[in-house]
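Peer 1: Sharing a structure, written as structure tokens. Questions coming.
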Amino acid sequence: WPAGYAMPHQGPSGVLDVLEEIEPSLAAGTWVTRPTGLTTRMAGPRQVDGKGSHLRMILRDDPGRLHTHEVVELDRSHLPAIQELHQTDPNAAFFLPTMIDRGLFVGVWDGPVLAASAGTHVMSVRQSVAALGAIITRPTHRGQGLGAATTSALCELLRSRIGMIGLNVAKSNTAAHGLYERVGFRMHAEYEEVELL
């Protein structure tokens with residue numbers, strides 16, 4: 001699928017101008033991630049299905065060492081366990097098998113069961129940027145600090161090769177905001193996701 005991405009350093013007006021120009025030519029079913037406020041600024045008749053407001057957070061502080069659990073790197077051989085973990089929560093962030101080949105994943109095991117994992121949705125050592133994603137804890141293992149453990153361990157591993165580490169989180173997920181802030185993330189921008197109809 002073609003994808004476009006733009007996030008300005010100073011205010012959203014430039015991105016809003018570009019999206020106003022190209023959005024009418026985008027096909028129905030296209031998902032657009034855009035600065036909050038574009039829906040009200042768009043003058044055309046295009047209908048959208050709002051998918052919610054989100055926060056983009058950037059790792060500003062050294063990642064807090066929040067993992068007292070044994071966190072290990074995961075690879076392609078762990079794919080069935082990662083997929084099974086994601087099936088335990090219908091609201092889990094998306095995970096694609098190709099992510100484990102192109103990024104970095106860590107997890108915490110409880111015997112033969114993968115209790116929690118965290119990884120990168122995208123990662124480029126050449127561009128020195130990574131976006132965390134697929135952060136999940138098995139429902140039966142929540143409340144044990146595993147989300148903080150996997151996220152902070154992942155950030156420690158990334159810090160040696162990546163300069164800019166970010167993540168996106170639903171604005172309504174206040175529990176996750178607190179976890180990410182403890183690790184060292186700070187809010188960078190608010191944005192919305194919509195599907196063009």
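Convention: chains lettered A, B, ... in structure tokens order; per-chain residue numbering from 1; ligands numbered from 1 as shown.
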From the DSSP assignment of the backbone, select every residue of chain A that is alpha helix (DSSP H), and format the answer as a ChimeraX atom specification.
Peer 2: /A:13-22,38-41,79-86,97-102,146-159,174-183
Peer 1: Residues near Asn91 (chain A), anyone? I mean within 12 Å using only C-alpha atoms, not counting same-chain ones fewer than 5 positions away, as a PyMOL selection string.
Peer 2: chain A and resi 85-86+134-139+170+173
Peer 1: Hey, what's within 9 Å of Asp49 (chain A) if we count only C-alpha atoms and toss same-chain stuff fewer than 6 positions away? As number ranges by chain, please?
Peer 2: A: 193-197
Peer 1: Which residues come within 8 Å of Ala130 (chain A), counting only C-alpha atoms, excluding same-chain residues fewer than 2 positions away, as a short mmCIF file (atom, residue, chain, number, x, y, z; two decimals) with N, CA, C and O atoms, in the first residue's frame?
Peer 2:
data_model
loop_
_atom_site.label_atom_id
_atom_site.label_comp_id
_atom_site.auth_asym_id
_atom_site.auth_seq_id
_atom_site.Cartn_x
_atom_site.Cartn_y
_atom_site.Cartn_z
N THR A 120 9.00 -2.75 17.38
CA THR A 120 9.00 -1.56 16.55
C THR A 120 8.06 -1.77 15.38
O THR A 120 8.09 -2.82 14.73
N HIS A 121 7.20 -0.78 15.13
CA HIS A 121 6.37 -0.82 13.94
C HIS A 121 7.22 -0.49 12.72
O HIS A 121 7.06 -1.09 11.66
N VAL A 122 8.10 0.47 12.87
CA VAL A 122 9.05 0.81 11.83
C VAL A 122 10.39 1.15 12.48
O VAL A 122 10.43 1.61 13.63
N MET A 123 11.48 0.91 11.75
CA MET A 123 12.80 1.20 12.27
C MET A 123 13.77 1.37 11.12
O MET A 123 13.75 0.58 10.18
N SER A 124 14.58 2.43 11.19
CA SER A 124 15.61 2.66 10.18
C SER A 124 16.88 3.10 10.88
O SER A 124 16.92 4.22 11.44
N SER A 128 18.15 6.72 11.54
CA SER A 128 18.24 6.87 12.99
C SER A 128 16.91 7.20 13.64
O SER A 128 16.80 8.07 14.50
N LEU A 132 7.93 2.76 18.14
CA LEU A 132 7.55 1.59 18.92
C LEU A 132 6.10 1.22 18.62
O LEU A 132 5.28 2.08 18.27
N ILE A 162 19.76 4.17 17.54
CA ILE A 162 18.69 5.04 17.04
C ILE A 162 18.69 6.34 17.83
O ILE A 162 18.70 6.34 19.06
N MET A 164 16.23 8.97 17.31
CA MET A 164 14.85 9.45 17.54
C MET A 164 13.92 8.26 17.71
O MET A 164 13.75 7.46 16.79
N ILE A 165 13.36 8.12 18.90
CA ILE A 165 12.44 7.02 19.21
C ILE A 165 11.09 7.62 19.57
O ILE A 165 11.00 8.48 20.46
N GLY A 166 10.06 7.18 18.87
CA GLY A 166 8.72 7.70 19.12
C GLY A 166 7.71 6.59 19.20
O GLY A 166 8.02 5.41 18.96
#
Peer 1: Nearest to Glu73 (chain A): which of A:Val108, A:Ile58, A:Leu167, A:Cys155 is it, counting only C-alpha atoms?
Peer 2: A:Val108
Peer 1: Please run DSSP on the backbone and report, as a ChimeraX atom specification, all residues within chain A that come out as strand (DSSP E or B).
Peer 2: /A:31-35,48-59,72-74,105-110,113-124,129-137,164-170,185-196
Peer 1: Do you have the CA of Arg182 (chain A)-CA of Gln87 (chain A) distance handy?
Peer 2: 27.0 Å
Peer 1: Identify which of the residues A:Trp109, A:Ile100, A:Arg186, A:Asp62 lies closest to Ser160 (chain A), counting only C-alpha atoms when measuring atom-to-atom distances.
Peer 2: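 Ranking A:Trp109, A:Ile100, A:Arg186, A:Asp62 by distance to Ser160 (chain A), first place goes to A:Asp62.
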Peer 1: One decimal, Å: what's the distance from CA of Thr30 (chain A) over to CA of Ala92 (chain A), could you say?
Peer 2: 21.2 Å
Peer 1: Considering only C-alpha atoms, state which residue in the set A:Asn168, A:Gly145, A:Gly163, A:Val125 is at the smallest distance from Tyr191 (chain A).
Peer 2: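 Distance minimum relative to Tyr191 (chain A) lands on A:Asn168.
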Peer 1: Would you list the contacts of region 67-72 of chain A as a PyMOL selection string, taking every protein, DNA or RNA residue within 6 Å and counting only C-alpha atoms, but skipping same-chain residues closer than 5 positions in sequence?
Peer 2: chain A and resi 106-108+149
Peer 1: Using only C-alpha atoms, which of the listed residues (A:Ala81, A:Met99, A:Val169, A:Leu104) sits closest to Phe185 (chain A)?
Peer 2: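 Smallest separation from Phe185 (chain A) among the options: A:Val169.
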Peer 1: What's the separation between CA of Thr98 (chain A) and CA of Arg142 (chain A), in Å to one decimal place?
Peer 2: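 Those two atoms sit 26.5 Å apart.
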Peer 1: Under the rule that only C-alpha atoms are counted, which of A:Ala118, A:Leu74, A:Met57, A:Leu146 is the nearest residue to Phe94 (chain A)?
Peer 2: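 Ranking A:Ala118, A:Leu74, A:Met57, A:Leu146 by distance to Phe94 (chain A), first place goes to A:Ala118.
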